[in-house]
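Q: my_file.csv is reproduced in full below (CSV, C-alpha atoms and all ligand atoms).
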```csv
chain,number,residue,atom,x,y,z
B,1,MET,CA,0.0,0.0,0.0
B,2,ASP,CA,1.2,3.5,-0.8
B,3,LEU,CA,1.5,6.1,1.9
B,4,HIS,CA,0.3,9.6,0.7
B,5,ILE,CA,1.7,12.7,2.4
B,6,LEU,CA,-0.9,15.4,2.2
B,7,PRO,CA,0.1,19.1,2.3
B,8,LEU,CA,0.1,21.0,5.6
B,9,GLU,CA,-0.8,24.7,5.4
B,10,LYS,CA,-1.0,25.8,9.0
B,11,PHE,CA,1.5,25.0,11.8
B,12,LYS,CA,0.5,25.0,15.4
B,13,PRO,CA,2.6,27.1,17.8
B,14,ARG,CA,5.5,25.1,19.2
B,15,ILE,CA,6.1,24.5,22.9
B,16,ASN,CA,8.9,26.8,24.1
B,17,ASP,CA,9.1,25.7,27.7
B,18,GLU,CA,9.5,21.9,27.8
B,19,SER,CA,9.1,21.9,31.6
B,20,GLU,CA,5.5,22.8,31.0
B,21,LEU,CA,4.8,19.6,29.1
B,22,THR,CA,2.1,17.5,30.6
B,23,PHE,CA,0.7,14.1,29.4
B,24,GLY,CA,-1.4,13.8,26.3
B,25,LYS,CA,-2.9,17.2,25.9
B,26,GLN,CA,-1.0,18.8,23.1
B,27,PHE,CA,-0.9,17.1,19.7
B,28,THR,CA,1.4,17.8,16.7
B,29,ASP,CA,0.5,19.2,13.3
B,30,ARG,CA,0.0,15.9,11.5
B,31,MET,CA,-1.5,12.4,12.0
B,32,PHE,CA,-1.5,9.1,10.2
B,33,VAL,CA,-4.9,7.7,9.0
B,34,MET,CA,-6.0,4.8,6.9
B,35,SER,CA,-9.5,3.4,6.2
B,36,TYR,CA,-10.9,-0.1,6.0
B,37,LYS,CA,-14.0,-1.5,4.3
B,38,ALA,CA,-14.9,-5.2,4.2
B,39,GLY,CA,-14.2,-6.5,0.7
B,40,GLN,CA,-11.7,-3.7,0.0
B,41,GLY,CA,-9.3,-4.1,2.9
B,42,TRP,CA,-7.1,-1.3,4.2
B,43,HIS,CA,-6.8,1.6,1.8
B,44,ASP,CA,-6.2,5.4,1.5
B,45,ALA,CA,-3.2,5.5,3.9
B,46,ARG,CA,-2.1,9.0,4.4
B,47,VAL,CA,-0.2,11.4,6.7
B,48,GLN,CA,-2.5,14.4,6.8
B,49,PRO,CA,-3.0,17.6,8.9
B,50,TYR,CA,-4.2,16.7,12.5
B,51,GLN,CA,-7.9,17.3,12.5
B,52,PRO,CA,-11.2,16.0,14.0
B,53,PHE,CA,-12.9,13.0,12.3
B,54,SER,CA,-16.4,13.4,11.0
B,55,LEU,CA,-18.2,10.3,12.4
B,56,ASP,CA,-21.8,9.3,11.9
B,57,PRO,CA,-23.6,9.4,15.2
B,58,ALA,CA,-24.4,5.7,14.6
B,59,ALA,CA,-20.7,4.8,14.2
B,60,MET,CA,-20.4,1.5,16.0
B,61,VAL,CA,-17.5,2.5,18.2
B,62,LEU,CA,-19.7,5.1,19.8
B,63,HIS,CA,-22.3,2.5,20.9
B,64,TYR,CA,-20.5,-0.8,21.4
B,65,ALA,CA,-16.9,0.4,22.0
B,66,GLN,CA,-15.2,-1.6,19.3
B,67,GLU,CA,-11.9,0.1,19.8
B,68,ILE,CA,-8.3,-0.7,20.4
B,69,PHE,CA,-5.2,1.3,21.0
B,70,GLU,CA,-1.4,1.3,21.8
B,71,GLY,CA,1.1,3.5,23.5
B,72,LEU,CA,4.7,3.8,22.7
B,73,LYS,CA,7.4,6.5,22.7
B,74,ALA,CA,10.1,8.2,20.6
B,75,PHE,CA,13.1,9.6,22.4
B,76,ARG,CA,15.5,12.3,21.4
B,77,ARG,CA,19.1,11.1,21.8
B,78,PRO,CA,22.2,13.2,22.7
B,79,ASP,CA,23.3,13.3,19.1
B,80,GLY,CA,19.9,14.6,18.0
B,81,GLN,CA,18.7,11.3,16.5
B,82,ILE,CA,15.3,10.0,17.3
B,83,ALA,CA,14.8,6.4,18.6
B,84,LEU,CA,11.7,4.3,18.9
B,85,PHE,CA,11.5,1.7,21.7
B,86,ARG,CA,10.4,-1.8,20.6
B,87,PRO,CA,7.8,-0.4,18.2
B,88,ILE,CA,7.2,-3.7,16.4
B,89,ASP,CA,6.1,-5.2,19.7
B,90,ASN,CA,3.4,-2.6,20.0
B,91,PHE,CA,2.1,-3.4,16.5
B,92,ARG,CA,2.1,-7.1,17.3
B,93,ARG,CA,0.1,-6.4,20.4
B,94,PHE,CA,-2.2,-4.1,18.4
B,95,ASN,CA,-3.0,-7.1,16.1
B,96,HIS,CA,-3.5,-9.4,19.1
B,97,SER,CA,-6.1,-6.8,20.4
B,98,ALA,CA,-7.6,-6.6,16.9
B,99,ARG,CA,-8.2,-10.3,16.7
B,100,ARG,CA,-9.9,-10.4,20.2
B,101,MET,CA,-12.2,-7.5,19.3
B,102,CYS,CA,-13.1,-8.9,15.8
B,103,MET,CA,-11.3,-6.1,14.1
B,104,PRO,CA,-9.2,-6.3,11.0
B,105,GLU,CA,-5.5,-6.8,11.5
B,106,VAL,CA,-2.9,-4.3,10.1
B,107,ASP,CA,0.4,-5.0,8.3
B,108,GLU,CA,2.8,-4.5,11.2
B,109,ASP,CA,5.7,-3.5,8.9
B,110,PHE,CA,3.6,-1.0,7.1
B,111,MET,CA,2.4,0.6,10.3
B,112,LEU,CA,6.0,0.9,11.4
B,113,HIS,CA,6.9,2.5,8.1
B,114,ALA,CA,4.0,4.9,8.4
B,115,LEU,CA,4.9,5.8,12.0
B,116,LYS,CA,8.5,6.6,11.0
B,117,GLU,CA,7.3,8.8,8.1
B,118,LEU,CA,5.0,10.6,10.5
B,119,ILE,CA,7.7,11.2,13.1
B,120,ARG,CA,10.2,12.3,10.4
B,121,LEU,CA,7.8,15.0,9.4
B,122,GLU,CA,7.1,15.9,13.0
B,123,SER,CA,10.7,15.6,14.2
B,124,ASP,CA,10.7,19.2,15.5
B,125,TRP,CA,8.1,18.1,18.0
B,126,VAL,CA,10.3,15.5,19.7
B,127,PRO,CA,11.3,17.3,22.9
B,128,ARG,CA,14.9,17.6,24.0
B,129,SER,CA,14.9,17.9,27.8
B,130,GLU,CA,15.5,15.1,30.2
B,131,GLY,CA,12.5,12.9,31.0
B,132,THR,CA,10.5,14.2,28.0
B,133,SER,CA,9.5,12.2,24.9
B,134,LEU,CA,7.1,12.0,22.0
B,135,TYR,CA,4.2,9.7,23.1
B,136,ILE,CA,2.6,7.8,20.2
B,137,ARG,CA,-1.0,6.6,20.2
B,138,PRO,CA,-2.0,4.2,17.5
B,139,ALA,CA,-5.7,3.4,17.6
B,140,MET,CA,-8.5,1.7,15.6
B,141,ILE,CA,-12.2,2.4,15.8
B,142,ALA,CA,-15.3,0.9,14.2
B,143,SER,CA,-16.7,3.7,12.0
B,144,GLU,CA,-19.5,1.9,10.2
B,145,PRO,CA,-22.9,3.5,11.0
B,146,MET,CA,-25.0,0.6,12.2
B,147,LEU,CA,-26.9,-0.2,15.4
B,148,GLY,CA,-26.9,-4.0,15.2
B,149,VAL,CA,-24.5,-5.8,17.5
B,150,ARG,CA,-21.9,-7.4,15.2
B,151,PRO,CA,-18.3,-6.7,14.1
B,152,ALA,CA,-18.3,-3.5,12.0
B,153,GLU,CA,-17.4,-3.6,8.3
B,154,GLU,CA,-15.7,-0.2,8.3
B,155,TYR,CA,-12.8,1.0,10.4
B,156,LEU,CA,-10.4,3.9,10.8
B,157,CYS,CA,-6.9,3.2,12.0
B,158,TYR,CA,-4.8,6.2,13.0
B,159,ILE,CA,-1.8,7.4,14.9
B,160,ILE,CA,-1.5,10.7,16.8
B,161,VAL,CA,1.6,11.9,18.6
B,162,CYS,CA,2.2,14.3,21.4
B,163,PRO,CA,5.2,15.7,23.2
B,164,VAL,CA,5.0,14.6,26.8
B,165,GLY,CA,6.7,15.2,30.2
B,166,ALA,CA,6.3,12.9,33.2
B,167,TYR,CA,2.9,11.0,33.4
B,168,TYR,CA,2.7,11.7,37.1
B,169,LYS,CA,3.1,15.3,38.2
B,170,GLY,CA,5.6,14.2,40.9
B,171,GLY,CA,8.0,12.6,38.3
B,172,LEU,CA,9.8,9.5,39.9
B,173,ALA,CA,8.1,10.2,43.3
B,174,PRO,CA,6.5,7.1,44.9
B,175,VAL,CA,2.8,6.8,44.4
B,176,LYS,CA,0.1,5.8,46.9
B,177,ILE,CA,-2.0,2.8,45.8
B,178,TRP,CA,-5.4,1.8,46.9
B,179,ILE,CA,-6.2,-1.9,46.6
B,180,SER,CA,-9.9,-2.4,45.7
B,181,ASP,CA,-11.8,-5.1,47.5
B,182,HIS,CA,-15.0,-4.4,45.7
B,183,TYR,CA,-14.5,-3.5,42.1
B,184,VAL,CA,-12.7,-5.7,39.6
B,185,ARG,CA,-11.1,-4.9,36.3
B,186,ALA,CA,-11.1,-8.2,34.4
B,187,ALA,CA,-12.2,-11.8,34.7
B,188,ASP,CA,-11.0,-15.0,33.1
B,189,GLY,CA,-12.1,-15.2,29.5
B,190,GLY,CA,-12.8,-11.4,29.3
B,191,THR,CA,-10.7,-8.7,27.6
B,192,GLY,CA,-8.3,-7.8,30.4
B,193,GLU,CA,-5.2,-8.5,28.3
B,194,VAL,CA,-6.6,-6.5,25.4
B,195,LYS,CA,-5.7,-2.8,25.0
B,196,THR,CA,-9.3,-1.7,24.4
B,197,GLY,CA,-10.9,1.5,25.7
B,198,GLY,CA,-13.7,-0.3,27.5
B,199,ASN,CA,-11.3,-1.7,30.1
B,200,TYR,CA,-10.2,1.9,30.9
B,201,ALA,CA,-13.8,3.3,31.0
B,202,ALA,CA,-14.8,0.5,33.4
B,203,SER,CA,-11.9,1.4,35.7
B,204,LEU,CA,-12.8,5.1,36.1
B,205,TYR,CA,-15.4,4.7,38.9
B,206,ALA,CA,-12.9,3.0,41.3
B,207,ALA,CA,-10.2,5.4,40.2
B,208,ARG,CA,-12.4,8.3,41.2
B,209,GLU,CA,-13.1,6.8,44.5
B,210,ALA,CA,-9.4,6.2,45.1
B,211,ALA,CA,-8.6,9.8,44.1
B,212,GLU,CA,-11.3,11.1,46.5
B,213,LYS,CA,-9.6,9.2,49.3
B,214,GLY,CA,-6.2,10.7,48.3
B,215,TYR,CA,-4.7,7.8,46.4
B,216,ASP,CA,-2.9,8.0,43.0
B,217,GLN,CA,-4.0,4.7,41.5
B,218,VAL,CA,-6.2,1.6,42.0
B,219,LEU,CA,-4.6,-1.9,42.3
B,220,TRP,CA,-6.9,-4.5,40.9
B,221,LEU,CA,-7.2,-8.0,42.4
B,222,ASP,CA,-8.2,-11.1,40.5
B,223,ALA,CA,-12.0,-11.4,39.9
B,224,LYS,CA,-12.4,-14.9,41.2
B,225,GLU,CA,-10.8,-15.0,44.7
B,226,ARG,CA,-10.3,-11.3,45.1
B,227,LYS,CA,-6.9,-12.1,46.6
B,228,TYR,CA,-4.2,-11.9,44.0
B,229,VAL,CA,-2.5,-8.9,42.5
B,230,GLU,CA,-3.3,-8.2,38.9
B,231,GLU,CA,-2.4,-4.7,37.6
B,232,VAL,CA,-2.8,-1.0,38.2
B,233,GLY,CA,-4.6,-0.2,34.9
B,234,SER,CA,-2.0,2.2,33.6
B,235,MET,CA,0.8,-0.1,34.7
B,236,ASN,CA,1.9,-3.6,35.6
B,237,LEU,CA,3.3,-4.1,39.1
B,238,CYS,CA,6.6,-5.6,40.2
B,239,PHE,CA,7.9,-6.4,43.8
B,240,VAL,CA,11.4,-6.9,45.1
B,241,CYS,CA,10.9,-9.8,47.3
B,242,ASP,CA,13.8,-11.6,49.0
B,243,GLY,CA,16.1,-10.0,46.5
B,244,LYS,CA,14.1,-11.4,43.6
B,245,LEU,CA,11.8,-9.6,41.2
B,246,VAL,CA,8.2,-10.9,41.5
B,247,THR,CA,5.4,-10.0,39.2
B,248,SER,CA,2.0,-11.5,38.3
B,249,PRO,CA,2.0,-14.0,35.4
B,250,LEU,CA,0.3,-13.3,32.2
B,251,HIS,CA,-2.8,-15.4,32.1
B,252,GLY,CA,-5.3,-13.4,30.1
B,253,THR,CA,-6.6,-10.8,32.6
B,254,ILE,CA,-3.6,-8.5,32.7
B,255,LEU,CA,-1.9,-6.5,30.0
B,256,ASP,CA,1.3,-8.0,28.4
B,257,GLY,CA,3.1,-4.7,29.1
B,258,ILE,CA,6.2,-4.0,26.9
B,259,THR,CA,7.8,-2.1,29.7
B,260,ARG,CA,7.0,-5.1,32.0
B,261,ARG,CA,8.7,-7.4,29.5
B,262,SER,CA,11.7,-5.1,29.2
B,263,VAL,CA,12.2,-4.8,32.9
B,264,LEU,CA,12.0,-8.6,33.4
B,265,GLU,CA,14.5,-9.1,30.6
B,266,LEU,CA,16.8,-6.4,32.0
B,267,ALA,CA,16.6,-8.0,35.5
B,268,ARG,CA,17.5,-11.4,34.2
B,269,TYR,CA,20.3,-10.0,32.1
B,270,ASN,CA,21.7,-8.2,35.2
B,271,GLY,CA,21.6,-11.5,37.2
B,272,LEU,CA,18.5,-10.7,39.2
B,273,ALA,CA,16.2,-13.7,39.7
B,274,VAL,CA,12.7,-13.2,38.3
B,275,GLU,CA,9.5,-15.0,39.4
B,276,GLU,CA,6.3,-14.6,37.5
B,277,ARG,CA,3.8,-16.0,40.0
B,278,ALA,CA,0.6,-15.1,41.9
B,279,LEU,CA,1.2,-12.7,44.8
B,280,SER,CA,-1.6,-12.2,47.3
B,281,VAL,CA,-2.5,-9.1,49.2
B,282,ASP,CA,-1.7,-11.0,52.5
B,283,GLU,CA,1.7,-11.8,51.2
B,284,ILE,CA,2.3,-8.1,50.3
B,285,PHE,CA,1.3,-6.9,53.7
B,286,ALA,CA,3.2,-9.6,55.6
B,287,GLY,CA,6.3,-9.2,53.3
B,288,VAL,CA,6.5,-5.4,53.7
B,289,GLU,CA,6.0,-5.8,57.5
B,290,ASP,CA,8.7,-8.5,57.9
B,291,GLY,CA,11.1,-6.8,55.5
B,292,SER,CA,11.1,-9.4,52.8
B,293,ILE,CA,9.4,-7.1,50.3
B,294,THR,CA,11.7,-4.1,50.1
B,295,GLU,CA,10.5,-2.3,46.9
B,296,ALA,CA,7.4,-2.2,44.6
B,297,PHE,CA,7.1,-0.4,41.4
B,298,GLY,CA,4.8,-0.1,38.4
B,299,THR,CA,5.8,-0.4,34.8
B,300,GLY,CA,4.1,1.1,31.7
B,301,THR,CA,5.0,3.1,28.6
B,302,ALA,CA,3.5,6.3,29.9
B,303,VAL,CA,4.8,6.0,33.4
B,304,VAL,CA,8.0,4.2,32.5
B,305,ILE,CA,8.8,2.9,36.1
B,306,SER,CA,6.9,4.4,38.9
B,307,PRO,CA,7.9,3.5,42.5
B,308,VAL,CA,5.1,2.6,45.0
B,309,GLY,CA,5.4,4.3,48.4
B,310,GLN,CA,2.4,2.6,50.1
B,311,PHE,CA,-0.5,0.2,49.7
B,312,THR,CA,-3.9,0.5,51.4
B,313,TYR,CA,-6.3,-2.4,51.6
B,314,GLN,CA,-9.5,-1.9,53.6
B,315,ASP,CA,-8.4,-0.3,56.8
B,316,ARG,CA,-4.7,-1.3,56.6
B,317,THR,CA,-1.8,0.6,55.1
B,318,VAL,CA,1.8,-0.6,54.6
B,319,VAL,CA,4.5,1.9,53.8
B,320,ILE,CA,7.5,0.7,51.7
B,321,GLY,CA,10.7,2.0,53.1
B,322,ASP,CA,10.0,5.6,54.2
B,323,GLY,CA,7.3,5.9,51.5
B,324,LYS,CA,9.2,8.7,49.8
B,325,THR,CA,12.4,7.3,48.5
B,326,THR,CA,12.9,5.3,45.3
B,327,GLY,CA,14.4,1.9,46.1
B,328,LYS,CA,17.8,0.8,44.8
B,329,VAL,CA,16.6,-1.9,42.4
B,330,THR,CA,13.8,0.3,41.1
B,331,GLN,CA,16.3,3.2,40.5
B,332,GLU,CA,18.8,0.9,38.8
B,333,LEU,CA,16.2,-0.6,36.5
B,334,TYR,CA,14.8,2.9,35.7
B,335,ASP,CA,18.3,4.2,35.0
B,336,THR,CA,19.2,1.3,32.7
B,337,LEU,CA,15.9,1.3,30.8
B,338,THR,CA,15.8,5.1,30.3
B,339,GLY,CA,19.6,5.0,29.6
B,340,ILE,CA,18.9,2.6,26.7
B,341,GLN,CA,15.9,4.5,25.5
B,342,TYR,CA,17.7,7.9,25.5
B,343,GLY,CA,20.9,6.5,24.1
B,344,HIS,CA,23.1,7.1,27.1
B,345,LEU,CA,23.7,3.3,27.4
B,346,PRO,CA,24.3,0.6,24.8
B,347,ASP,CA,21.4,-1.5,23.7
B,348,PRO,CA,22.5,-5.2,23.9
B,349,HIS,CA,18.9,-6.4,23.5
B,350,GLY,CA,18.3,-4.7,20.1
B,351,TRP,CA,15.2,-2.8,21.4
B,352,VAL,CA,16.0,0.6,19.9
B,353,ASP,CA,14.8,1.4,16.4
B,354,LEU,CA,16.5,4.5,15.1
B,355,LEU,CA,14.6,6.6,12.6
B,401,LIG,C1,0.6,3.5,28.2
B,401,LIG,O1,1.4,3.3,29.2
B,401,LIG,O2,1.0,3.8,27.1
B,401,LIG,C2,-0.8,3.3,28.3
B,401,LIG,O3,-1.4,2.9,27.4
B,401,LIG,C3,-1.5,3.6,29.6
B,401,LIG,C4,-2.4,4.7,29.4
B,401,LIG,C5,-3.8,4.4,29.4
B,401,LIG,C6,-1.9,6.1,29.7
```
As structure tokens, what does this structure read like?

A:
Amino acid sequence: MDLHILPLEKFKPRINDESELTFGKQFTDRMFVMSYKAGQGWHDARVQPYQPFSLDPAAMVLHYAQEIFEGLKAFRRPDGQIALFRPIDNFRRFNHSARRMCMPEVDEDFMLHALKELIRLESDWVPRSEGTSLYIRPAMIASEPMLGVRPAEEYLCYIIVCPVGAYYKGGLAPVKIWISDHYVRAADGGTGEVKTGGNYAASLYAAREAAEKGYDQVLWLDAKERKYVEEVGSMNLCFVCDGKLVTSPLHGTILDGITRRSVLELARYNGLAVEERALSVDEIFAGVEDGSITEAFGTGTAVVISPVGQFTYQDRTVVIGDGKTTGKVTQELYDTLTGIQYGHLPDPHGWVDLL
């Protein structure tokens, strides 16, 4: 398929002060879009000016949430070059989500090519200061106007990009996590491992309750026993337990995070034992109290690595360390991962894809 580059007539004002960058509010001048129709397949791939879609009010995504998305980043390196981090893994996961949501798959190599073209055109938008990056959001929506419940026959696939600072206002400051004993995010056989908007919409109610109580995020437990740690919605969770890295296994209800995967690979590469196993709330509380759990952190593209300062479950709270300081293992993994992403460290794993 050819990729058409449409002319751009108006440029948005650039961000002068990169310290003012927030997450996901300011988008660049252009976007990638392609259309799909049953019988015709993907067509009309173009990089065009960033602009609103015109969607029929009956578009199926607006009613039945047939939607998937991805999140990845481009980083500015010291020599000015731009690097993508494991982008093909995101397009593979995009197709995994597409299959589960009965949506058409995309050509992963073509998507990567289109993304690179988009970023080359928008390269001025890739910020330069430490901790900043260009966040990339590929998405697919069912655009067919039809109110029957079945997979749509028309779709739009698009990529928008935005310069971002830290996801949490506090940067690498430890977050406070509320463990929900009532709400659940995903059950076996559901769509928990799929990057689809509905999972996030369904998490908002509990997130609002957590925010009202002064917490940063909700930790979801398994839907069956309400006992085992699953994920935090915008991140997977890891614990440093008896000097090993422990995280929940992938069994269909949690997202197969690319940062999670990278952190586990880095840990193993650095000689740190990794255990992917079920971890219960009781074990977390007992482990923090008896000193066997020394650190906890979340991983995600947007957050990168986010230390956890405390967990609250029902009326009990445990504080990790002093609740304010980033642990040694967390800091080392953060430094190594971001060092590879920003090009300060070599990339022995072949994760970096230079533009
Ligand atoms: C990401 O980390 O890229 C995500 O997709 C989480 C998000 C919902 C902000």

Q: Using only C-alpha atoms and all ligand atoms, pick whichever of B:Leu115, B:Val229, B:Leu6, B:Leu255 has the shortest atom-to-atom distance to ligand LIG 401 (chain B).

A: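 Answer, going by the shortest atom-to-atom distance: B:Leu255.
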
Q: Determine, for each residue of chain B having at least one atom at most 8 Å from an atom of ligand LIG 401 (chain B), the closest pair of atoms and their separation in Å to one decimal, counting all atoms listed in the file; order by chain and ascending number, as JSON lines.

A:
```
{"residue": "B:Phe69", "atom": "CA", "partner": "B:LIG401", "partner_atom": "O3", "distance": 7.6}
{"residue": "B:Glu70", "atom": "CA", "partner": "B:LIG401", "partner_atom": "O3", "distance": 5.8}
{"residue": "B:Gly71", "atom": "CA", "partner": "B:LIG401", "partner_atom": "O2", "distance": 3.6}
{"residue": "B:Leu72", "atom": "CA", "partner": "B:LIG401", "partner_atom": "O2", "distance": 5.7}
{"residue": "B:Tyr135", "atom": "CA", "partner": "B:LIG401", "partner_atom": "O2", "distance": 7.8}
{"residue": "B:Arg137", "atom": "CA", "partner": "B:LIG401", "partner_atom": "O2", "distance": 7.7}
{"residue": "B:Tyr167", "atom": "CA", "partner": "B:LIG401", "partner_atom": "C6", "distance": 7.8}
{"residue": "B:Lys195", "atom": "CA", "partner": "B:LIG401", "partner_atom": "O3", "distance": 7.5}
{"residue": "B:Tyr200", "atom": "CA", "partner": "B:LIG401", "partner_atom": "C5", "distance": 7.0}
{"residue": "B:Gly233", "atom": "CA", "partner": "B:LIG401", "partner_atom": "C5", "distance": 7.2}
{"residue": "B:Ser234", "atom": "CA", "partner": "B:LIG401", "partner_atom": "C3", "distance": 4.3}
{"residue": "B:Met235", "atom": "CA", "partner": "B:LIG401", "partner_atom": "O1", "distance": 6.5}
{"residue": "B:Gly300", "atom": "CA", "partner": "B:LIG401", "partner_atom": "O1", "distance": 4.3}
{"residue": "B:Thr301", "atom": "CA", "partner": "B:LIG401", "partner_atom": "O1", "distance": 3.7}
{"residue": "B:Ala302", "atom": "CA", "partner": "B:LIG401", "partner_atom": "O1", "distance": 3.7}
{"residue": "B:Val303", "atom": "CA", "partner": "B:LIG401", "partner_atom": "O1", "distance": 6.0}
{"residue": "B:Val304", "atom": "CA", "partner": "B:LIG401", "partner_atom": "O1", "distance": 7.4}
```

Q: Using C-alpha atoms, can you write the selected residues to a file as a short mmCIF file (atom, residue, chain, number, x, y, z; two decimals), in the coordinates of the input?

A:
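The new file selection21.cif reads:
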```cif
data_model
loop_
_atom_site.label_atom_id
_atom_site.label_comp_id
_atom_site.auth_asym_id
_atom_site.auth_seq_id
_atom_site.Cartn_x
_atom_site.Cartn_y
_atom_site.Cartn_z
CA PHE B 69 -5.20 1.30 21.00
CA GLU B 70 -1.40 1.30 21.80
CA GLY B 71 1.10 3.50 23.50
CA LEU B 72 4.70 3.80 22.70
CA TYR B 135 4.20 9.70 23.10
CA ARG B 137 -1.00 6.60 20.20
CA TYR B 167 2.90 11.00 33.40
CA LYS B 195 -5.70 -2.80 25.00
CA TYR B 200 -10.20 1.90 30.90
CA GLY B 233 -4.60 -0.20 34.90
CA SER B 234 -2.00 2.20 33.60
CA MET B 235 0.80 -0.10 34.70
CA GLY B 300 4.10 1.10 31.70
CA THR B 301 5.00 3.10 28.60
CA ALA B 302 3.50 6.30 29.90
CA VAL B 303 4.80 6.00 33.40
CA VAL B 304 8.00 4.20 32.50
#
```

Q: What does the distance between atom CA of B:Cys241 and atom CA of B:Gly257 come to in Å, to one decimal place?

A: 20.4 Å

Q: Need to verify the contact set: stretch 171-177 of chain B, 10 Å, all atoms listed in the file, exclusion of same-chain residues closer than 6 positions in sequence. Can you return it as JSON, numbers by chain?

A: {"B": [131, 165, 210, 211, 214, 215, 216, 217, 218, 219, 232, 296, 297, 298, 303, 304, 305, 306, 307, 308, 309, 310, 311, 312, 313, 317, 319, 320, 323, 324, 325, 326, 327, 331, 334]}

Q: May I have a table of the residues of stretch 63-174 of chain B lying at most 9 Å from stretch 35-39 of chain B, giving each one's closest pair of atoms and their distance in Å to one decimal, counting only C-alpha atoms, ordered by chain and ascending residue number, as JSON lines?

A:
```
{"residue": "B:Pro104", "atom": "CA", "partner": "B:Tyr36", "partner_atom": "CA", "distance": 8.1}
{"residue": "B:Glu144", "atom": "CA", "partner": "B:Lys37", "partner_atom": "CA", "distance": 8.8}
{"residue": "B:Ala152", "atom": "CA", "partner": "B:Ala38", "partner_atom": "CA", "distance": 8.7}
{"residue": "B:Glu153", "atom": "CA", "partner": "B:Ala38", "partner_atom": "CA", "distance": 5.1}
{"residue": "B:Glu154", "atom": "CA", "partner": "B:Lys37", "partner_atom": "CA", "distance": 4.5}
{"residue": "B:Tyr155", "atom": "CA", "partner": "B:Tyr36", "partner_atom": "CA", "distance": 4.9}
{"residue": "B:Leu156", "atom": "CA", "partner": "B:Ser35", "partner_atom": "CA", "distance": 4.7}
{"residue": "B:Cys157", "atom": "CA", "partner": "B:Ser35", "partner_atom": "CA", "distance": 6.4}
{"residue": "B:Tyr158", "atom": "CA", "partner": "B:Ser35", "partner_atom": "CA", "distance": 8.7}
```

Q: Point out the residue among B:Tyr183, B:Tyr228, B:Phe32, B:Phe85 with the least atom-to-atom distance to B:Leu355, counting only C-alpha atoms.

A: B:Phe85
